[in-house]
$ cat start02.cif   # mmCIF, N, CA and C atoms
data_upload
#
loop_
_atom_site.label_atom_id
_atom_site.label_comp_id
_atom_site.auth_asym_id
_atom_site.auth_seq_id
_atom_site.Cartn_x
_atom_site.Cartn_y
_atom_site.Cartn_z
N MET A 893 -158.22 50.46 -27.54
CA MET A 893 -158.64 49.83 -26.30
C MET A 893 -159.25 50.84 -25.35
N GLU A 894 -158.63 52.00 -25.21
CA GLU A 894 -159.13 53.02 -24.29
C GLU A 894 -160.52 53.51 -24.71
N GLU A 895 -160.76 53.61 -26.00
CA GLU A 895 -162.06 54.06 -26.51
C GLU A 895 -163.17 53.15 -26.03
N ALA A 896 -162.96 51.85 -26.07
CA ALA A 896 -163.97 50.90 -25.63
C ALA A 896 -164.25 51.05 -24.14
N LEU A 897 -163.21 51.33 -23.37
CA LEU A 897 -163.39 51.51 -21.93
C LEU A 897 -164.36 52.65 -21.65
N TYR A 898 -164.16 53.79 -22.30
CA TYR A 898 -165.04 54.93 -22.09
C TYR A 898 -166.46 54.62 -22.56
N THR A 899 -166.59 53.99 -23.69
CA THR A 899 -167.91 53.66 -24.22
C THR A 899 -168.63 52.70 -23.29
N ASN A 900 -167.94 51.66 -22.82
CA ASN A 900 -168.57 50.71 -21.90
C ASN A 900 -168.98 51.39 -20.60
N MET A 901 -168.13 52.29 -20.10
CA MET A 901 -168.48 53.00 -18.88
C MET A 901 -169.76 53.80 -19.10
N ALA A 902 -169.86 54.45 -20.25
CA ALA A 902 -171.05 55.25 -20.55
C ALA A 902 -172.28 54.35 -20.61
N GLU A 903 -172.15 53.24 -21.33
CA GLU A 903 -173.28 52.33 -21.45
C GLU A 903 -173.67 51.77 -20.09
N ASP A 904 -172.69 51.38 -19.29
CA ASP A 904 -172.97 50.82 -17.98
C ASP A 904 -173.70 51.83 -17.09
N THR A 905 -173.26 53.08 -17.12
CA THR A 905 -173.88 54.13 -16.30
C THR A 905 -175.32 54.37 -16.72
N VAL A 906 -175.56 54.47 -18.01
CA VAL A 906 -176.92 54.72 -18.50
C VAL A 906 -177.82 53.52 -18.24
N VAL A 907 -177.32 52.32 -18.46
CA VAL A 907 -178.13 51.12 -18.19
C VAL A 907 -178.46 51.06 -16.71
N GLU A 908 -177.52 51.40 -15.85
CA GLU A 908 -177.78 51.39 -14.41
C GLU A 908 -178.84 52.43 -14.03
N ILE A 909 -178.78 53.61 -14.63
CA ILE A 909 -179.80 54.64 -14.39
C ILE A 909 -181.17 54.10 -14.76
N LEU A 910 -181.27 53.49 -15.95
CA LEU A 910 -182.57 52.97 -16.41
C LEU A 910 -183.03 51.79 -15.56
N ARG A 911 -182.12 50.91 -15.20
CA ARG A 911 -182.51 49.77 -14.34
C ARG A 911 -183.05 50.27 -13.00
N ASN A 912 -182.38 51.25 -12.41
CA ASN A 912 -182.85 51.80 -11.13
C ASN A 912 -184.21 52.47 -11.28
N ALA A 913 -184.38 53.24 -12.33
CA ALA A 913 -185.62 53.98 -12.54
C ALA A 913 -186.78 53.04 -12.85
N LEU A 914 -186.51 52.00 -13.62
CA LEU A 914 -187.56 51.10 -14.08
C LEU A 914 -187.71 49.86 -13.22
N LEU A 915 -186.82 49.73 -12.23
CA LEU A 915 -186.84 48.56 -11.35
C LEU A 915 -186.76 47.28 -12.18
N MET A 916 -185.83 47.26 -13.14
CA MET A 916 -185.71 46.14 -14.07
C MET A 916 -184.57 45.22 -13.66
N GLU A 917 -184.59 44.04 -14.23
CA GLU A 917 -183.60 43.01 -13.93
C GLU A 917 -182.29 43.29 -14.67
N ASP A 918 -181.26 42.53 -14.32
CA ASP A 918 -179.94 42.70 -14.90
C ASP A 918 -179.86 42.34 -16.39
N ASP A 919 -180.85 41.63 -16.91
CA ASP A 919 -180.80 41.24 -18.32
C ASP A 919 -181.30 42.35 -19.25
N PHE A 920 -181.68 43.49 -18.72
CA PHE A 920 -182.13 44.63 -19.51
C PHE A 920 -180.90 45.31 -20.12
N LEU A 921 -180.74 45.23 -21.45
CA LEU A 921 -179.58 45.80 -22.13
C LEU A 921 -180.01 46.59 -23.36
N PRO A 922 -180.41 47.83 -23.18
CA PRO A 922 -180.81 48.65 -24.34
C PRO A 922 -179.58 49.10 -25.13
N SER A 923 -179.78 49.42 -26.40
CA SER A 923 -178.69 49.97 -27.20
C SER A 923 -178.77 51.50 -27.14
N GLU A 924 -177.76 52.14 -27.67
CA GLU A 924 -177.74 53.60 -27.70
C GLU A 924 -178.93 54.16 -28.49
N ALA A 925 -179.39 53.41 -29.49
CA ALA A 925 -180.49 53.85 -30.34
C ALA A 925 -181.87 53.53 -29.77
N THR A 926 -181.92 52.80 -28.66
CA THR A 926 -183.22 52.44 -28.08
C THR A 926 -183.98 53.70 -27.69
N ARG A 927 -185.18 53.82 -28.21
CA ARG A 927 -186.05 54.95 -27.87
C ARG A 927 -186.73 54.66 -26.53
N LEU A 928 -186.91 55.68 -25.73
CA LEU A 928 -187.54 55.48 -24.42
C LEU A 928 -188.95 54.92 -24.56
N ASP A 929 -189.67 55.33 -25.61
CA ASP A 929 -191.03 54.83 -25.77
C ASP A 929 -191.08 53.36 -26.19
N GLU A 930 -189.93 52.75 -26.47
CA GLU A 930 -189.85 51.33 -26.79
C GLU A 930 -189.54 50.47 -25.56
N ILE A 931 -189.25 51.11 -24.44
CA ILE A 931 -188.84 50.39 -23.24
C ILE A 931 -190.08 49.99 -22.45
N PRO A 932 -190.21 48.68 -22.17
CA PRO A 932 -191.36 48.22 -21.38
C PRO A 932 -191.33 48.86 -19.98
N ASN A 933 -192.48 49.09 -19.43
CA ASN A 933 -192.64 49.62 -18.07
C ASN A 933 -192.24 51.09 -17.91
N LEU A 934 -191.97 51.79 -19.01
CA LEU A 934 -191.59 53.19 -18.88
C LEU A 934 -192.83 54.07 -18.95
N ASP A 935 -193.55 54.08 -17.84
CA ASP A 935 -194.74 54.93 -17.75
C ASP A 935 -194.33 56.29 -17.18
N SER A 936 -195.29 57.13 -16.88
CA SER A 936 -194.97 58.48 -16.41
C SER A 936 -194.21 58.48 -15.09
N MET A 937 -194.55 57.58 -14.20
CA MET A 937 -193.82 57.52 -12.92
C MET A 937 -192.39 57.04 -13.11
N ALA A 938 -192.19 56.09 -14.02
CA ALA A 938 -190.84 55.62 -14.30
C ALA A 938 -190.00 56.72 -14.94
N ARG A 939 -190.64 57.55 -15.77
CA ARG A 939 -189.92 58.69 -16.36
C ARG A 939 -189.47 59.67 -15.28
N VAL A 940 -190.33 59.91 -14.30
CA VAL A 940 -189.96 60.79 -13.19
C VAL A 940 -188.78 60.18 -12.43
N ARG A 941 -188.85 58.87 -12.15
CA ARG A 941 -187.74 58.20 -11.46
C ARG A 941 -186.46 58.27 -12.30
N MET A 942 -186.59 58.15 -13.62
CA MET A 942 -185.43 58.23 -14.49
C MET A 942 -184.77 59.61 -14.39
N VAL A 943 -185.58 60.67 -14.44
CA VAL A 943 -185.04 62.03 -14.34
C VAL A 943 -184.38 62.22 -12.98
N LEU A 944 -185.00 61.75 -11.92
CA LEU A 944 -184.41 61.87 -10.58
C LEU A 944 -183.10 61.11 -10.48
N GLU A 945 -183.03 59.95 -11.11
CA GLU A 945 -181.81 59.15 -11.10
C GLU A 945 -180.70 59.85 -11.89
N ILE A 946 -181.04 60.43 -13.04
CA ILE A 946 -180.05 61.19 -13.81
C ILE A 946 -179.54 62.37 -12.99
N GLU A 947 -180.45 63.08 -12.34
CA GLU A 947 -180.06 64.22 -11.50
C GLU A 947 -179.18 63.78 -10.33
N ARG A 948 -179.45 62.60 -9.79
CA ARG A 948 -178.62 62.07 -8.69
C ARG A 948 -177.20 61.82 -9.20
N VAL A 949 -177.08 61.19 -10.37
CA VAL A 949 -175.76 60.90 -10.94
C VAL A 949 -175.03 62.20 -11.26
N LEU A 950 -175.75 63.18 -11.78
CA LEU A 950 -175.15 64.47 -12.13
C LEU A 950 -174.87 65.33 -10.91
N ASP A 951 -175.58 65.08 -9.82
CA ASP A 951 -175.55 65.95 -8.65
C ASP A 951 -175.93 67.37 -9.07
N ASP A 952 -176.95 67.45 -9.93
CA ASP A 952 -177.40 68.72 -10.48
C ASP A 952 -178.82 68.54 -11.01
N ARG A 953 -179.54 69.63 -11.13
CA ARG A 953 -180.90 69.60 -11.69
C ARG A 953 -180.85 69.69 -13.20
N LEU A 954 -181.82 69.07 -13.86
CA LEU A 954 -181.96 69.18 -15.31
C LEU A 954 -182.96 70.29 -15.62
N SER A 955 -182.72 70.98 -16.72
CA SER A 955 -183.69 71.98 -17.17
C SER A 955 -184.85 71.26 -17.86
N MET A 956 -185.95 71.95 -18.03
CA MET A 956 -187.10 71.37 -18.71
C MET A 956 -186.73 70.97 -20.15
N ASP A 957 -185.94 71.81 -20.82
CA ASP A 957 -185.50 71.48 -22.19
C ASP A 957 -184.66 70.21 -22.22
N GLU A 958 -183.79 70.03 -21.22
CA GLU A 958 -182.99 68.81 -21.16
C GLU A 958 -183.87 67.58 -20.94
N ILE A 959 -184.84 67.71 -20.06
CA ILE A 959 -185.75 66.59 -19.78
C ILE A 959 -186.55 66.23 -21.03
N ILE A 960 -187.10 67.23 -21.69
CA ILE A 960 -187.90 66.99 -22.89
C ILE A 960 -187.05 66.40 -24.01
N GLY A 961 -185.77 66.74 -24.04
CA GLY A 961 -184.87 66.28 -25.09
C GLY A 961 -184.43 64.83 -24.97
N ILE A 962 -184.76 64.19 -23.86
CA ILE A 962 -184.35 62.79 -23.67
C ILE A 962 -185.36 61.89 -24.37
N GLU A 963 -184.96 61.38 -25.53
CA GLU A 963 -185.83 60.49 -26.30
C GLU A 963 -185.23 59.11 -26.49
N THR A 964 -183.90 59.00 -26.39
CA THR A 964 -183.22 57.72 -26.58
C THR A 964 -182.19 57.50 -25.47
N VAL A 965 -181.70 56.28 -25.39
CA VAL A 965 -180.63 55.96 -24.45
C VAL A 965 -179.40 56.81 -24.80
N GLY A 966 -179.14 57.00 -26.09
CA GLY A 966 -178.02 57.83 -26.51
C GLY A 966 -178.13 59.27 -26.04
N HIS A 967 -179.34 59.78 -25.96
CA HIS A 967 -179.53 61.15 -25.45
C HIS A 967 -179.11 61.24 -23.98
N ILE A 968 -179.36 60.19 -23.22
CA ILE A 968 -178.92 60.19 -21.81
C ILE A 968 -177.40 60.20 -21.75
N GLN A 969 -176.76 59.38 -22.58
CA GLN A 969 -175.29 59.36 -22.64
C GLN A 969 -174.75 60.75 -22.99
N ALA A 970 -175.32 61.36 -24.00
CA ALA A 970 -174.85 62.68 -24.45
C ALA A 970 -175.05 63.73 -23.36
N LEU A 971 -176.15 63.65 -22.66
CA LEU A 971 -176.43 64.59 -21.58
C LEU A 971 -175.40 64.45 -20.46
N LEU A 972 -175.11 63.21 -20.06
CA LEU A 972 -174.12 62.97 -19.01
C LEU A 972 -172.74 63.42 -19.46
N ALA A 973 -172.40 63.18 -20.73
CA ALA A 973 -171.11 63.61 -21.25
C ALA A 973 -171.01 65.14 -21.27
N ALA A 974 -172.08 65.80 -21.69
CA ALA A 974 -172.10 67.26 -21.75
C ALA A 974 -171.93 67.89 -20.37
N LYS A 975 -172.41 67.18 -19.35
CA LYS A 975 -172.32 67.70 -17.97
C LYS A 975 -171.02 67.26 -17.30
N GLY A 976 -170.14 66.57 -18.06
CA GLY A 976 -168.84 66.18 -17.53
C GLY A 976 -168.84 64.93 -16.67
N LYS A 977 -169.90 64.13 -16.72
CA LYS A 977 -169.97 62.92 -15.91
C LYS A 977 -169.52 61.68 -16.65
N LEU A 978 -169.37 61.77 -17.96
CA LEU A 978 -168.89 60.65 -18.77
C LEU A 978 -167.91 61.17 -19.79
N GLN A 979 -166.96 60.34 -20.14
CA GLN A 979 -166.07 60.66 -21.25
C GLN A 979 -166.36 59.66 -22.36
N ILE A 980 -166.84 60.18 -23.46
CA ILE A 980 -167.14 59.34 -24.61
C ILE A 980 -166.25 59.80 -25.76
N ARG A 981 -165.48 58.87 -26.24
CA ARG A 981 -164.60 59.20 -27.38
C ARG A 981 -165.12 58.47 -28.59
N GLY A 982 -165.14 59.12 -29.70
CA GLY A 982 -165.65 58.44 -30.87
C GLY A 982 -165.22 59.01 -32.15
#
$ encode --input "start02.cif" --output "structure tokens"
Amino acid sequence: MEEALYTNMAEDTVVEILRNALLMEDDFLPSEATRLDEIPNLDSMARVRMVLEIERVLDDRLSMDEIIGIETVGHIQALLAAKGKLQIRG
């Protein structure tokens, strides 16, 4: 039961980051495997907003390597977990 709680929290946080960055509706529910280039409306400005939103959640700046490494929704989860902002058990 506890494992699902952490996973849902991670998914909720990442979905909220993407919704804020993309100005999308509540019915937007990407999976962990969703590639950023598959997300509608994710143009260059939305990518900048996404990075800014991740940095806001982290309360820290991302390195260029970290930014370039974000290719999927799962990469955002892993980045947040690595920075201590999410606990993902699996």
$ residues_around --input "start02.cif" --residues "Arg948 (chain A)" --least-positions-apart "2" --cutoff "12 Å" --atoms "only C-alpha atoms" --output "mmCIF file with N, CA and C atoms, keeping the file's coordinate frame"
data_model
loop_
_atom_site.group_PDB
_atom_site.id
_atom_site.type_symbol
_atom_site.label_atom_id
_atom_site.label_comp_id
_atom_site.auth_asym_id
_atom_site.auth_seq_id
_atom_site.Cartn_x
_atom_site.Cartn_y
_atom_site.Cartn_z
ATOM 1 N N THR A 905 -173.260 53.080 -17.120
ATOM 2 C CA THR A 905 -173.880 54.130 -16.300
ATOM 3 C C THR A 905 -175.320 54.370 -16.720
ATOM 4 N N ILE A 909 -178.780 53.610 -14.630
ATOM 5 C CA ILE A 909 -179.800 54.640 -14.390
ATOM 6 C C ILE A 909 -181.170 54.100 -14.760
ATOM 7 N N ASN A 912 -182.380 51.250 -12.410
ATOM 8 C CA ASN A 912 -182.850 51.800 -11.130
ATOM 9 C C ASN A 912 -184.210 52.470 -11.280
ATOM 10 N N ALA A 913 -184.380 53.240 -12.330
ATOM 11 C CA ALA A 913 -185.620 53.980 -12.540
ATOM 12 C C ALA A 913 -186.780 53.040 -12.850
ATOM 13 N N ARG A 941 -188.850 58.870 -12.150
ATOM 14 C CA ARG A 941 -187.740 58.200 -11.460
ATOM 15 C C ARG A 941 -186.460 58.270 -12.300
ATOM 16 N N MET A 942 -186.590 58.150 -13.620
ATOM 17 C CA MET A 942 -185.430 58.230 -14.490
ATOM 18 C C MET A 942 -184.770 59.610 -14.390
ATOM 19 N N VAL A 943 -185.580 60.670 -14.440
ATOM 20 C CA VAL A 943 -185.040 62.030 -14.340
ATOM 21 C C VAL A 943 -184.380 62.220 -12.980
ATOM 22 N N LEU A 944 -185.000 61.750 -11.920
ATOM 23 C CA LEU A 944 -184.410 61.870 -10.580
ATOM 24 C C LEU A 944 -183.100 61.110 -10.480
ATOM 25 N N GLU A 945 -183.030 59.950 -11.110
ATOM 26 C CA GLU A 945 -181.810 59.150 -11.100
ATOM 27 C C GLU A 945 -180.700 59.850 -11.890
ATOM 28 N N ILE A 946 -181.040 60.430 -13.040
ATOM 29 C CA ILE A 946 -180.050 61.190 -13.810
ATOM 30 C C ILE A 946 -179.540 62.370 -12.990
ATOM 31 N N LEU A 950 -175.750 63.180 -11.780
ATOM 32 C CA LEU A 950 -175.150 64.470 -12.130
ATOM 33 C C LEU A 950 -174.870 65.330 -10.910
ATOM 34 N N ASP A 951 -175.580 65.080 -9.820
ATOM 35 C CA ASP A 951 -175.550 65.950 -8.650
ATOM 36 C C ASP A 951 -175.930 67.370 -9.070
ATOM 37 N N ASP A 952 -176.950 67.450 -9.930
ATOM 38 C CA ASP A 952 -177.400 68.720 -10.480
ATOM 39 C C ASP A 952 -178.820 68.540 -11.010
ATOM 40 N N ARG A 953 -179.540 69.630 -11.130
ATOM 41 C CA ARG A 953 -180.900 69.600 -11.690
ATOM 42 C C ARG A 953 -180.850 69.690 -13.200
ATOM 43 N N LEU A 954 -181.820 69.070 -13.860
ATOM 44 C CA LEU A 954 -181.960 69.180 -15.310
ATOM 45 C C LEU A 954 -182.960 70.290 -15.620
ATOM 46 N N LEU A 972 -175.110 63.210 -20.060
ATOM 47 C CA LEU A 972 -174.120 62.970 -19.010
ATOM 48 C C LEU A 972 -172.740 63.420 -19.460
ATOM 49 N N LYS A 977 -169.900 64.130 -16.720
ATOM 50 C CA LYS A 977 -169.970 62.920 -15.910
ATOM 51 C C LYS A 977 -169.520 61.680 -16.650
#
$ axis_aligned_box --input "start02.cif" --around "region 943-956 of chain A" --padding-each-side "8 Å" --output "JSON"
{"center_x": -181.0, "center_y": 65.6, "center_z": -14.4, "size_x": 28.2, "size_y": 28.8, "size_z": 27.5}
$ atom_distance --input "start02.cif" --atom1 "CA of Gly966 (chain A)" --atom2 "CA of Glu924 (chain A)"
4.4 Å
$ atom_distance --input "start02.cif" --atom1 "CA of Leu921 (chain A)" --atom2 "CA of His967 (chain A)"
15.7 Å
$ residues_around --input "start02.cif" --residues "Gln969 (chain A)" --least-positions-apart "4" --cutoff "6.5 Å" --atoms "all atoms listed in the file" --output "mmCIF file with N, CA and C atoms, in the coordinates of the input"
data_model
loop_
_atom_site.group_PDB
_atom_site.id
_atom_site.type_symbol
_atom_site.label_atom_id
_atom_site.label_comp_id
_atom_site.auth_asym_id
_atom_site.auth_seq_id
_atom_site.Cartn_x
_atom_site.Cartn_y
_atom_site.Cartn_z
ATOM 1 N N ALA A 902 -169.860 54.450 -20.250
ATOM 2 C CA ALA A 902 -171.050 55.250 -20.550
ATOM 3 C C ALA A 902 -172.280 54.350 -20.610
ATOM 4 N N VAL A 906 -175.560 54.470 -18.010
ATOM 5 C CA VAL A 906 -176.920 54.720 -18.500
ATOM 6 C C VAL A 906 -177.820 53.520 -18.240
ATOM 7 N N THR A 964 -183.900 59.000 -26.390
ATOM 8 C CA THR A 964 -183.220 57.720 -26.580
ATOM 9 C C THR A 964 -182.190 57.500 -25.470
ATOM 10 N N VAL A 965 -181.700 56.280 -25.390
ATOM 11 C CA VAL A 965 -180.630 55.960 -24.450
ATOM 12 C C VAL A 965 -179.400 56.810 -24.800
ATOM 13 N N ALA A 973 -172.400 63.180 -20.730
ATOM 14 C CA ALA A 973 -171.110 63.610 -21.250
ATOM 15 C C ALA A 973 -171.010 65.140 -21.270
ATOM 16 N N ALA A 974 -172.080 65.800 -21.690
ATOM 17 C CA ALA A 974 -172.100 67.260 -21.750
ATOM 18 C C ALA A 974 -171.930 67.890 -20.370
#
